[in-house]
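Trainee: One file is attached below, model30.pdb, containing PDB, C-alpha atoms.
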```pdb
MODEL        1
ATOM      1  CA  MET C1438     -10.709   3.785 -18.112
ATOM      2  CA  ASN C1439     -11.329   1.433 -21.001
ATOM      3  CA  HIS C1440     -11.308  -2.102 -19.587
ATOM      4  CA  GLY C1441      -9.456  -3.161 -22.743
ATOM      5  CA  ASP C1442      -6.419  -1.261 -21.415
ATOM      6  CA  SER C1443      -6.486  -3.165 -18.116
ATOM      7  CA  VAL C1444      -4.594  -6.249 -17.018
ATOM      8  CA  ILE C1445      -6.656  -6.598 -13.823
ATOM      9  CA  THR C1446     -10.306  -5.555 -13.629
ATOM     10  CA  ALA C1447     -12.684  -5.812 -10.689
ATOM     11  CA  SER C1448     -16.296  -4.922 -11.559
ATOM     12  CA  GLY C1449     -18.821  -4.780  -8.750
ATOM     13  CA  LEU C1450     -17.060  -7.588  -6.876
ATOM     14  CA  ARG C1451     -18.862  -9.117  -3.912
ATOM     15  CA  ARG C1452     -17.815 -11.899  -1.572
ATOM     16  CA  ARG C1453     -20.064 -13.253   1.117
ATOM     17  CA  TYR C1454     -19.242 -15.769   3.832
ATOM     18  CA  GLY C1455     -22.087 -17.838   5.229
ATOM     19  CA  PRO C1456     -25.822 -17.698   4.482
ATOM     20  CA  ALA C1457     -27.924 -14.697   3.530
ATOM     21  CA  GLY C1458     -29.167 -12.471   6.323
ATOM     22  CA  ASP C1459     -27.636 -11.653   9.675
ATOM     23  CA  LYS C1460     -25.940 -15.049   9.986
ATOM     24  CA  GLY C1461     -23.657 -14.326   7.020
ATOM     25  CA  TYR C1462     -21.026 -11.694   6.429
ATOM     26  CA  GLU C1463     -20.338  -9.730   3.255
ATOM     27  CA  ALA C1464     -16.587  -9.064   3.238
ATOM     28  CA  VAL C1465     -16.400  -7.464  -0.216
ATOM     29  CA  ARG C1466     -19.176  -5.096  -1.308
ATOM     30  CA  ASP C1467     -19.365  -3.754  -4.848
ATOM     31  CA  VAL C1468     -15.633  -3.235  -5.350
ATOM     32  CA  SER C1469     -14.496  -1.933  -8.753
ATOM     33  CA  PHE C1470     -11.079  -0.863 -10.012
ATOM     34  CA  ASP C1471      -8.668  -1.345 -12.939
ATOM     35  CA  VAL C1472      -4.924  -1.979 -13.006
ATOM     36  CA  ARG C1473      -3.042  -1.228 -16.216
ATOM     37  CA  ARG C1474      -0.050  -3.152 -17.557
ATOM     38  CA  GLY C1475       3.184  -2.277 -15.785
ATOM     39  CA  GLU C1476       1.351  -0.458 -12.985
ATOM     40  CA  LEU C1477       1.637  -1.062  -9.252
ATOM     41  CA  PHE C1478      -1.749  -0.822  -7.545
ATOM     42  CA  ALA C1479      -1.877  -0.799  -3.734
ATOM     43  CA  LEU C1480      -4.968  -1.951  -1.867
ATOM     44  CA  LEU C1481      -5.052  -0.519   1.647
ATOM     45  CA  GLY C1482      -7.379  -0.835   4.594
ATOM     46  CA  THR C1483      -7.666  -1.646   8.265
ATOM     47  CA  ASN C1484      -7.802  -5.260   9.471
ATOM     48  CA  GLY C1485     -11.035  -6.811   8.238
ATOM     49  CA  ALA C1486     -11.529  -4.213   5.502
ATOM     50  CA  GLY C1487     -11.744  -6.916   2.817
ATOM     51  CA  LYS C1488      -8.334  -6.579   1.142
ATOM     52  CA  THR C1489      -7.303 -10.226   1.236
ATOM     53  CA  SER C1490     -10.810 -11.398   0.351
ATOM     54  CA  THR C1491     -10.704  -9.147  -2.714
ATOM     55  CA  VAL C1492      -7.250 -10.305  -3.779
ATOM     56  CA  GLU C1493      -8.245 -13.978  -3.447
ATOM     57  CA  LEU C1494     -11.082 -13.386  -5.922
ATOM     58  CA  LEU C1495      -8.633 -11.841  -8.397
ATOM     59  CA  GLU C1496      -6.187 -14.705  -7.886
ATOM     60  CA  GLY C1497      -8.921 -17.190  -8.734
ATOM     61  CA  LEU C1498      -8.844 -18.842  -5.312
ATOM     62  CA  ALA C1499     -12.593 -18.310  -4.844
ATOM     63  CA  ARG C1500     -15.652 -17.565  -6.956
ATOM     64  CA  PRO C1501     -17.233 -14.119  -6.450
ATOM     65  CA  THR C1502     -20.652 -14.001  -4.848
ATOM     66  CA  GLY C1503     -21.436 -11.199  -7.295
ATOM     67  CA  GLY C1504     -19.766  -9.025  -9.908
ATOM     68  CA  SER C1505     -16.840 -10.159 -12.016
ATOM     69  CA  ALA C1506     -13.045 -10.360 -12.035
ATOM     70  CA  ARG C1507     -10.777 -10.398 -15.085
ATOM     71  CA  VAL C1508      -7.033 -10.999 -15.144
ATOM     72  CA  LEU C1509      -5.170 -10.914 -18.449
ATOM     73  CA  GLY C1510      -8.533 -11.004 -20.189
ATOM     74  CA  HIS C1511      -9.743 -14.160 -18.417
ATOM     75  CA  ASP C1512     -11.982 -15.081 -15.502
ATOM     76  CA  PRO C1513      -9.309 -16.149 -12.969
ATOM     77  CA  TYR C1514     -11.609 -18.723 -11.335
ATOM     78  CA  ALA C1515     -13.449 -20.246 -14.301
ATOM     79  CA  GLU C1516     -10.414 -20.049 -16.620
ATOM     80  CA  ARG C1517      -7.749 -20.799 -14.069
ATOM     81  CA  ARG C1518      -5.721 -22.961 -16.464
ATOM     82  CA  ALA C1519      -5.244 -19.964 -18.782
ATOM     83  CA  VAL C1520      -4.378 -17.545 -15.986
ATOM     84  CA  ARG C1521      -2.323 -19.488 -13.435
ATOM     85  CA  PRO C1522       0.901 -19.950 -15.491
ATOM     86  CA  ARG C1523       1.074 -16.193 -16.107
ATOM     87  CA  ILE C1524       0.673 -14.936 -12.536
ATOM     88  CA  GLY C1525       2.672 -15.087  -9.316
ATOM     89  CA  MET C1526       1.122 -15.070  -5.869
ATOM     90  CA  MET C1527       2.694 -14.246  -2.529
ATOM     91  CA  LEU C1528       0.175 -15.168   0.145
ATOM     92  CA  GLN C1529       0.272 -14.058   3.773
ATOM     93  CA  ASP C1530       1.469 -17.522   4.816
ATOM     94  CA  GLY C1531       3.274 -19.885   2.453
ATOM     95  CA  GLY C1532       2.949 -22.964   4.683
ATOM     96  CA  PHE C1533       6.300 -24.498   3.711
ATOM     97  CA  PRO C1534       7.398 -27.995   4.841
ATOM     98  CA  ALA C1535       9.598 -27.254   7.842
ATOM     99  CA  GLU C1536      12.209 -29.946   7.177
ATOM    100  CA  LEU C1537      13.057 -28.898   3.607
ATOM    101  CA  THR C1538      15.895 -26.475   2.956
ATOM    102  CA  ALA C1539      15.272 -23.209   1.133
ATOM    103  CA  ALA C1540      16.771 -24.660  -2.064
ATOM    104  CA  GLU C1541      14.736 -27.865  -1.763
ATOM    105  CA  THR C1542      11.566 -25.811  -1.297
ATOM    106  CA  VAL C1543      12.232 -23.821  -4.469
ATOM    107  CA  THR C1544      13.137 -27.019  -6.350
ATOM    108  CA  MET C1545       9.874 -28.656  -5.294
ATOM    109  CA  TRP C1546       7.887 -25.579  -6.363
ATOM    110  CA  ALA C1547       9.766 -25.343  -9.645
ATOM    111  CA  GLY C1548       8.515 -28.816 -10.513
ATOM    112  CA  CYS C1549       4.989 -27.402 -10.605
ATOM    113  CA  THR C1550       5.908 -24.188 -12.452
ATOM    114  CA  SER C1551       6.134 -23.694 -16.207
ATOM    115  CA  GLY C1552       9.385 -22.077 -17.370
ATOM    116  CA  ALA C1553      10.735 -21.797 -13.834
ATOM    117  CA  ARG C1554      13.854 -19.777 -13.115
ATOM    118  CA  PRO C1555      16.948 -21.683 -11.932
ATOM    119  CA  VAL C1556      16.847 -22.256  -8.180
ATOM    120  CA  ASP C1557      19.906 -20.119  -7.418
ATOM    121  CA  GLU C1558      18.569 -17.269  -9.556
ATOM    122  CA  ALA C1559      15.272 -17.265  -7.658
ATOM    123  CA  LEU C1560      17.039 -17.297  -4.289
ATOM    124  CA  GLY C1561      19.470 -14.621  -5.452
ATOM    125  CA  LEU C1562      16.648 -12.242  -6.368
ATOM    126  CA  VAL C1563      15.553 -12.138  -2.722
ATOM    127  CA  ARG C1564      19.103 -12.427  -1.328
ATOM    128  CA  LEU C1565      18.644 -15.880   0.148
ATOM    129  CA  ASP C1566      21.377 -17.537  -1.914
ATOM    130  CA  GLY C1567      23.566 -17.588   1.187
ATOM    131  CA  ARG C1568      20.833 -19.468   3.073
ATOM    132  CA  ARG C1569      20.042 -22.031   0.380
ATOM    133  CA  ASP C1570      20.939 -25.057   2.549
ATOM    134  CA  VAL C1571      19.181 -23.874   5.728
ATOM    135  CA  ARG C1572      16.003 -25.710   6.704
ATOM    136  CA  VAL C1573      12.795 -23.687   6.558
ATOM    137  CA  LYS C1574      12.194 -24.170  10.286
ATOM    138  CA  GLN C1575      15.541 -22.468  10.968
ATOM    139  CA  LEU C1576      14.820 -19.429   8.805
ATOM    140  CA  SER C1577      13.697 -16.237  10.507
ATOM    141  CA  GLY C1578      10.198 -14.907   9.898
ATOM    142  CA  GLY C1579      11.588 -12.293   7.518
ATOM    143  CA  GLU C1580      13.596 -14.896   5.618
ATOM    144  CA  ARG C1581      10.504 -17.042   5.180
ATOM    145  CA  ARG C1582       8.707 -14.021   3.715
ATOM    146  CA  ARG C1583      11.562 -13.592   1.253
ATOM    147  CA  LEU C1584      11.291 -17.280   0.363
ATOM    148  CA  ASP C1585       7.574 -16.681  -0.280
ATOM    149  CA  LEU C1586       8.555 -13.918  -2.693
ATOM    150  CA  ALA C1587      11.122 -16.119  -4.457
ATOM    151  CA  LEU C1588       8.402 -18.688  -5.170
ATOM    152  CA  ALA C1589       6.030 -15.978  -6.430
ATOM    153  CA  LEU C1590       8.713 -14.859  -8.908
ATOM    154  CA  LEU C1591       9.736 -18.361  -9.961
ATOM    155  CA  GLY C1592       7.640 -18.453 -13.142
ATOM    156  CA  ARG C1593       8.571 -14.942 -14.357
ATOM    157  CA  PRO C1594       4.966 -13.751 -13.913
ATOM    158  CA  GLU C1595       3.277 -11.082 -16.005
ATOM    159  CA  VAL C1596       1.030 -10.268 -13.040
ATOM    160  CA  LEU C1597       2.233 -10.417  -9.437
ATOM    161  CA  PHE C1598      -0.015 -10.446  -6.353
ATOM    162  CA  LEU C1599       1.793  -9.430  -3.171
ATOM    163  CA  ASP C1600      -0.180  -9.813   0.070
ATOM    164  CA  GLU C1601       1.700  -8.053   2.891
ATOM    165  CA  PRO C1602       5.105  -8.855   1.319
ATOM    166  CA  THR C1603       7.354  -7.091   3.833
ATOM    167  CA  THR C1604       5.729  -8.164   7.102
ATOM    168  CA  GLY C1605       8.474  -9.281   9.473
ATOM    169  CA  LEU C1606      11.323  -7.785   7.446
ATOM    170  CA  ASP C1607      13.882  -5.505   9.049
ATOM    171  CA  PRO C1608      14.207  -2.010   7.533
ATOM    172  CA  GLU C1609      17.181  -2.957   5.335
ATOM    173  CA  ALA C1610      15.444  -6.043   3.934
ATOM    174  CA  ARG C1611      12.247  -4.060   3.409
ATOM    175  CA  HIS C1612      14.021  -1.435   1.308
ATOM    176  CA  THR C1613      15.847  -4.168  -0.639
ATOM    177  CA  THR C1614      12.463  -5.717  -1.410
ATOM    178  CA  TRP C1615      11.161  -2.311  -2.522
ATOM    179  CA  GLU C1616      14.036  -2.040  -4.989
ATOM    180  CA  LEU C1617      13.238  -5.497  -6.371
ATOM    181  CA  VAL C1618       9.575  -4.552  -6.744
ATOM    182  CA  ARG C1619      10.551  -1.347  -8.564
ATOM    183  CA  GLN C1620      12.806  -3.368 -10.873
ATOM    184  CA  LEU C1621       9.984  -5.804 -11.669
ATOM    185  CA  ARG C1622       7.605  -2.943 -12.413
ATOM    186  CA  ALA C1623      10.185  -1.274 -14.659
ATOM    187  CA  GLU C1624      10.458  -4.562 -16.579
ATOM    188  CA  GLY C1625       6.700  -4.476 -17.222
ATOM    189  CA  THR C1626       5.311  -6.671 -14.445
ATOM    190  CA  THR C1627       1.851  -5.606 -13.268
ATOM    191  CA  ILE C1628       1.662  -5.702  -9.470
ATOM    192  CA  LEU C1629      -1.224  -5.667  -7.020
ATOM    193  CA  LEU C1630       0.005  -5.029  -3.481
ATOM    194  CA  THR C1631      -1.707  -5.118  -0.104
ATOM    195  CA  THR C1632       0.221  -3.671   2.812
ATOM    196  CA  HIS C1633      -0.188  -2.223   6.282
ATOM    197  CA  TYR C1634       2.943  -0.108   5.796
ATOM    198  CA  LEU C1635       1.544   3.138   4.423
ATOM    199  CA  GLU C1636       4.996   4.498   3.616
ATOM    200  CA  GLU C1637       5.436   1.401   1.442
ATOM    201  CA  ALA C1638       2.336   2.222  -0.578
ATOM    202  CA  GLU C1639       3.328   5.886  -0.796
ATOM    203  CA  ALA C1640       6.811   4.949  -2.055
ATOM    204  CA  LEU C1641       5.781   2.288  -4.580
ATOM    205  CA  ALA C1642       2.224   2.731  -5.815
ATOM    206  CA  ASP C1643       1.159   4.305  -9.093
ATOM    207  CA  GLN C1644      -2.483   4.040  -7.990
ATOM    208  CA  LEU C1645      -4.096   3.009  -4.729
ATOM    209  CA  ALA C1646      -7.465   2.354  -3.158
ATOM    210  CA  ILE C1647      -8.439   2.449   0.508
ATOM    211  CA  MET C1648     -11.036  -0.082   1.677
ATOM    212  CA  HIS C1649     -13.306   0.167   4.699
ATOM    213  CA  ARG C1650     -15.901  -2.442   5.651
ATOM    214  CA  GLY C1651     -15.681  -4.121   2.279
ATOM    215  CA  ARG C1652     -15.975  -1.011   0.102
ATOM    216  CA  ILE C1653     -13.526   1.359  -1.576
ATOM    217  CA  VAL C1654     -13.803   4.722   0.145
ATOM    218  CA  ALA C1655     -10.969   6.585  -1.599
ATOM    219  CA  SER C1656      -8.834   5.978  -4.672
ATOM    220  CA  GLY C1657      -6.399   7.688  -7.028
ATOM    221  CA  THR C1658      -2.682   8.323  -7.197
ATOM    222  CA  PRO C1659      -0.937   8.726  -3.818
ATOM    223  CA  GLY C1660      -0.609  12.443  -4.604
ATOM    224  CA  GLU C1661      -4.319  12.785  -5.337
ATOM    225  CA  VAL C1662      -5.350  11.006  -2.141
ATOM    226  CA  ILE C1663      -2.869  12.952  -0.013
ATOM    227  CA  GLY C1664      -3.680  16.230  -1.769
ATOM    228  CA  ALA C1665      -7.231  16.140  -0.446
ATOM    229  CA  TYR C1666      -5.851  16.847   3.052
ATOM    230  CA  PRO C1667      -4.177  20.048   4.292
ATOM    231  CA  ALA C1668      -0.482  20.661   4.746
ATOM    232  CA  ARG C1669       0.813  21.660   8.180
ATOM    233  CA  ILE C1670       3.200  24.357   9.376
ATOM    234  CA  ARG C1671       4.448  24.202  12.974
ATOM    235  CA  PHE C1672       6.600  26.681  14.902
ATOM    236  CA  ALA C1673       7.007  28.437  18.237
ATOM    237  CA  MET C1674       6.021  32.093  18.538
ATOM    238  CA  PRO C1675       8.917  34.365  19.531
ATOM    239  CA  ASP C1676       8.902  35.677  23.104
ATOM    240  CA  GLY C1677       6.519  38.593  23.450
ATOM    241  CA  TRP C1678       4.648  37.791  20.236
ATOM    242  CA  PHE C1679       1.246  36.173  19.838
ATOM    243  CA  VAL C1680      -0.775  34.502  17.087
ATOM    244  CA  GLY C1681      -2.840  37.672  16.834
ATOM    245  CA  ASP C1682       0.309  39.529  15.772
ATOM    246  CA  LEU C1683       0.621  37.416  12.618
ATOM    247  CA  PRO C1684      -0.876  38.662   9.352
ATOM    248  CA  PRO C1685      -4.580  37.782   9.005
ATOM    249  CA  LEU C1686      -4.508  33.989   8.748
ATOM    250  CA  GLY C1687      -7.295  33.886   6.194
ATOM    251  CA  GLU C1688      -5.229  36.077   3.869
ATOM    252  CA  LEU C1689      -2.367  33.608   4.222
ATOM    253  CA  GLY C1690      -4.616  30.750   3.123
ATOM    254  CA  VAL C1691      -4.812  29.170   6.585
ATOM    255  CA  LEU C1692      -7.824  26.888   7.051
ATOM    256  CA  ARG C1693      -7.495  26.451  10.807
ATOM    257  CA  HIS C1694      -4.937  26.901  13.527
ATOM    258  CA  GLU C1695      -4.141  25.529  16.964
ATOM    259  CA  GLU C1696      -1.913  26.859  19.729
ATOM    260  CA  THR C1697      -0.597  24.689  22.564
ATOM    261  CA  ASP C1698       2.037  25.802  25.059
ATOM    262  CA  GLY C1699       3.404  28.408  22.692
ATOM    263  CA  ARG C1700       3.569  25.989  19.741
ATOM    264  CA  VAL C1701       1.445  26.982  16.758
ATOM    265  CA  GLU C1702       0.110  24.715  14.030
ATOM    266  CA  LEU C1703      -1.367  26.124  10.828
ATOM    267  CA  GLN C1704      -3.273  23.987   8.335
ATOM    268  CA  THR C1705      -3.407  25.068   4.702
ATOM    269  CA  ARG C1706      -4.039  23.753   1.205
ATOM    270  CA  GLU C1707      -1.671  26.401  -0.191
ATOM    271  CA  LEU C1708       1.589  25.532   1.520
ATOM    272  CA  GLN C1709       3.871  27.761  -0.567
ATOM    273  CA  ARG C1710       1.616  30.805  -0.262
ATOM    274  CA  THR C1711       1.144  30.383   3.499
ATOM    275  CA  LEU C1712       4.800  29.693   4.205
ATOM    276  CA  THR C1713       5.971  32.606   2.053
ATOM    277  CA  GLY C1714       3.674  35.037   3.869
ATOM    278  CA  LEU C1715       4.792  33.721   7.237
ATOM    279  CA  LEU C1716       8.498  34.005   6.423
ATOM    280  CA  LEU C1717       8.116  37.517   4.992
ATOM    281  CA  TRP C1718       6.364  38.568   8.198
ATOM    282  CA  ALA C1719       9.181  37.087  10.315
ATOM    283  CA  ARG C1720      11.790  38.877   8.187
ATOM    284  CA  ASP C1721      10.011  42.206   8.422
ATOM    285  CA  LYS C1722       9.649  41.870  12.195
ATOM    286  CA  ASP C1723      13.235  40.581  12.553
ATOM    287  CA  VAL C1724      12.110  37.576  14.581
ATOM    288  CA  GLU C1725      12.887  33.849  14.410
ATOM    289  CA  LEU C1726      10.204  31.176  14.236
ATOM    290  CA  GLU C1727      11.856  28.476  16.323
ATOM    291  CA  GLY C1728      11.350  24.842  15.344
ATOM    292  CA  LEU C1729       9.806  25.816  12.015
ATOM    293  CA  ASP C1730       8.550  22.704  10.239
ATOM    294  CA  ALA C1731       6.448  22.663   7.058
ATOM    295  CA  ARG C1732       5.220  19.541   5.283
ATOM    296  CA  THR C1733       2.432  18.213   3.140
ATOM    297  CA  ALA C1734       0.018  15.688   4.553
ATOM    298  CA  SER C1735       1.227  12.079   4.584
ATOM    299  CA  LEU C1736      -0.605   9.034   3.329
ATOM    300  CA  GLU C1737      -0.867   7.924   6.953
ATOM    301  CA  GLU C1738      -2.711  11.140   7.883
ATOM    302  CA  ALA C1739      -5.025  10.757   4.887
ATOM    303  CA  PHE C1740      -5.647   7.087   5.695
ATOM    304  CA  LEU C1741      -6.487   7.767   9.339
ATOM    305  CA  ALA C1742      -8.775  10.654   8.392
ATOM    306  CA  ILE C1743     -10.621   8.553   5.802
ATOM    307  CA  ALA C1744     -11.011   5.550   8.096
ATOM    308  CA  GLY C1745     -12.040   7.740  11.013
ATOM    309  CA  THR C1746     -14.602   9.668   8.981
ATOM    310  CA  ALA C1747     -16.153   6.466   7.639
ATOM    311  CA  ALA C1748     -16.304   4.875  11.093
ATOM    312  CA  GLU C1749     -17.713   7.952  12.864
ATOM    313  CA  SER C1750     -20.414   8.489  10.266
ATOM    314  CA  GLY C1751     -21.580   4.896  10.607
ATOM    315  CA  ARG C1752     -21.409   4.457   6.848
ATOM    316  CA  ASP C1753     -20.445   1.243   5.142
ATOM    317  CA  ALA C1754     -18.709   3.339   2.506
TER
ENDMDL
END
```
Write out the structure in this file as structure tokens.

Mentor:
Amino acid sequence: MNHGDSVITASGLRRRYGPAGDKGYEAVRDVSFDVRRGELFALLGTNGAGKTSTVELLEGLARPTGGSARVLGHDPYAERRAVRPRIGMMLQDGGFPAELTAAETVTMWAGCTSGARPVDEALGLVRLDGRRDVRVKQLSGGERRRLDLALALLGRPEVLFLDEPTTGLDPEARHTTWELVRQLRAEGTTILLTTHYLEEAEALADQLAIMHRGRIVASGTPGEVIGAYPARIRFAMPDGWFVGDLPPLGELGVLRHEETDGRVELQTRELQRTLTGLLLWARDKDVELEGLDARTASLEEAFLAIAGTAAESGRDA
């Protein structure tokens, strides 16, 4: 991708904590990616993978040990004054004064924000308008996360950084937040998201990257990342029939199969071809494949396979 098309660019980013050698720790190791305008980019990884350390470099909260970061054409650390009014940040912990109400918290933040939205508009976006006069200490954990998001949106940002935005939210609030994020993206906001909810990344992301031990080990669209892993077909063999009675599995496009207590699992990269052959066989034999279930791989399966492969091989990447 041409960096000129990018709103966020990480080029060979490195971030080290502590001194050189064994006494220090390199949390971010040669990380590179681009995020285009109006795109939602999800950064995934296990705890300690380096996601938050990477995002903090892009937010301008720390100077990279190596490499470079660009946001809206500027160095977010060295040119913070040019970048800060145009971005919104939702950190993992907002650290609000406990005695202020939700409305007072937004009002205080608005005083430090150029072109801030009206307080009630900001609270209404995250559905906290009915809790405007409740003290922060009396808000639930999920409500405090929504207050975090209201503050991130206060300045109508061009670029929005969301670090674990739906942690602590109930399923209804999480899906409401997803709809708000989709609306912001449709309006042209560029969003960088970190999340532990893989279904969240699968539902929202245009592009994603998976980090492990400070490096990106897989990237692409959710479909591209998931497509690298086989689909699965599960069913129970009819009474009196065995796996050996099926058509040759290789001819059906099956990569491998397992059988446990009469339940069969087939793995394939050609789901339609394999399923069609299986169903035609069942029709011709006049048998029923009980509990038939066919599905593509999920992002969770791809994530676990990638993380497991990297860990087992002992690689840093």

Trainee: Show which residues sit within 10 Å of Asp1570 (chain C), as a VMD selection string. Count all atoms listed in the file, and ignore same-chain residues fewer than 4 positions away.

Mentor: chain C and resid 1537 to 1541 1565 to 1566

Trainee: Can you pull out the residues contacting Glu1580 (chain C)? Cut-off 8 Å, using all atoms listed in the file, and skip same-chain residues under 4 positions away; I want them as a count of residues only.

Mentor: 4

Trainee: Using only C-alpha atoms and a cutoff of 8 Å, can you tell me which residues are near (-10.1, 5.7, 5.8) in the file's coordinates, and write them out as a list in words?

Mentor: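 Output: Gly1482, Ile1647, Met1648, His1649, Val1654, Ala1655, Ala1739, Phe1740, Leu1741, Ala1742, Ile1743, Ala1744, Gly1745, Thr1746 and Ala1747 of chain C.
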
Trainee: Pick out the residues sitting within 10 Å of Pro1602 (chain C), and hand them over as a list in words; count all atoms listed in the file, and ignore anything fewer than 4 positions along from it in its own chain.

Mentor: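 In the requested form, the answer reads Met1527, Leu1528, Gln1529, Gly1579, Arg1582, Arg1583, Asp1585, Leu1586, Phe1598, Leu1606, Arg1611, Thr1614, Trp1615, Leu1630, Thr1631, Thr1632 and His1633 of chain C.
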
Trainee: Using all atoms of region 1521-1527 of chain C listed in the file and a margin of 3 Å per side, can you give the axis-aligned box centre and edge lengths in Å to one decimal, as lines of an AutoDock Vina configuration file?

Mentor:
```
center_x = 0.2
center_y = -17.1
center_z = -9.3
size_x = 11.0
size_y = 11.7
size_z = 19.6
```

Trainee: Please provide the set of residues having any atom within 9 Å of Met1674 (chain C), restricted to all atoms listed in the file, with same-chain residues fewer than 2 positions apart removed, written as a PyMOL selection string.

Mentor: chain C and resi 1672+1676-1680+1699-1701+1725-1727

Trainee: Can you tell me which residues surround Gly1503 (chain C) at a distance of at most 7 Å, considering all atoms listed in the file, apart from same-chain residues fewer than 6 positions away, and format the answer as a list of chain:residue names?

Mentor: C:Leu1450, C:Arg1451, C:Arg1452

Trainee: Could you check the closest approach to Ala1719 (chain C) for each of C:Ala1673, C:Leu1599, C:Leu1645, C:Ala1486 and tell me which residue wins, using only C-alpha atoms?

Mentor: C:Ala1673

Trainee: If I only have part of region 1719-1730 of chain C, can you fill in N, CA, C and O atoms and write it as a short mmCIF file (atom, residue, chain, number, x, y, z; two decimals), in the frame of the given file?

Mentor:
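After the write, rebuild.cif holds the following:
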```cif
data_model
loop_
_atom_site.label_atom_id
_atom_site.label_comp_id
_atom_site.auth_asym_id
_atom_site.auth_seq_id
_atom_site.Cartn_x
_atom_site.Cartn_y
_atom_site.Cartn_z
N ALA C 1719 8.09 37.27 9.35
CA ALA C 1719 9.18 37.09 10.32
C ALA C 1719 10.39 37.94 9.93
O ALA C 1719 11.06 38.53 10.79
N ARG C 1720 10.67 38.05 8.63
CA ARG C 1720 11.79 38.88 8.19
C ARG C 1720 11.54 40.34 8.50
O ARG C 1720 12.41 41.05 9.03
N ASP C 1721 10.33 40.80 8.20
CA ASP C 1721 10.01 42.21 8.42
C ASP C 1721 10.04 42.56 9.90
O ASP C 1721 10.39 43.69 10.27
N LYS C 1722 9.67 41.63 10.75
CA LYS C 1722 9.65 41.87 12.20
C LYS C 1722 10.98 41.53 12.85
O LYS C 1722 11.15 41.75 14.05
N ASP C 1723 11.91 40.96 12.05
CA ASP C 1723 13.24 40.58 12.55
C ASP C 1723 13.11 39.62 13.74
O ASP C 1723 13.74 39.78 14.78
N VAL C 1724 12.29 38.59 13.54
CA VAL C 1724 12.11 37.58 14.58
C VAL C 1724 12.37 36.20 13.96
O VAL C 1724 12.35 36.01 12.73
N GLU C 1725 12.63 35.22 14.84
CA GLU C 1725 12.89 33.85 14.41
C GLU C 1725 11.73 32.95 14.85
O GLU C 1725 11.32 33.00 16.01
N LEU C 1726 11.25 32.15 13.92
CA LEU C 1726 10.20 31.18 14.24
C LEU C 1726 10.90 29.86 14.59
O LEU C 1726 11.29 29.09 13.72
N GLU C 1727 11.08 29.63 15.88
CA GLU C 1727 11.86 28.48 16.32
C GLU C 1727 11.13 27.17 16.00
O GLU C 1727 9.91 27.07 16.12
N GLY C 1728 11.92 26.17 15.62
CA GLY C 1728 11.35 24.84 15.34
C GLY C 1728 10.43 24.83 14.14
O GLY C 1728 9.52 23.99 14.06
N LEU C 1729 10.69 25.73 13.18
CA LEU C 1729 9.81 25.82 12.02
C LEU C 1729 9.84 24.51 11.23
O LEU C 1729 10.90 24.01 10.86
N ASP C 1730 8.67 23.96 10.97
CA ASP C 1730 8.55 22.70 10.24
C ASP C 1730 7.34 22.80 9.32
O ASP C 1730 6.23 23.10 9.79
#
```
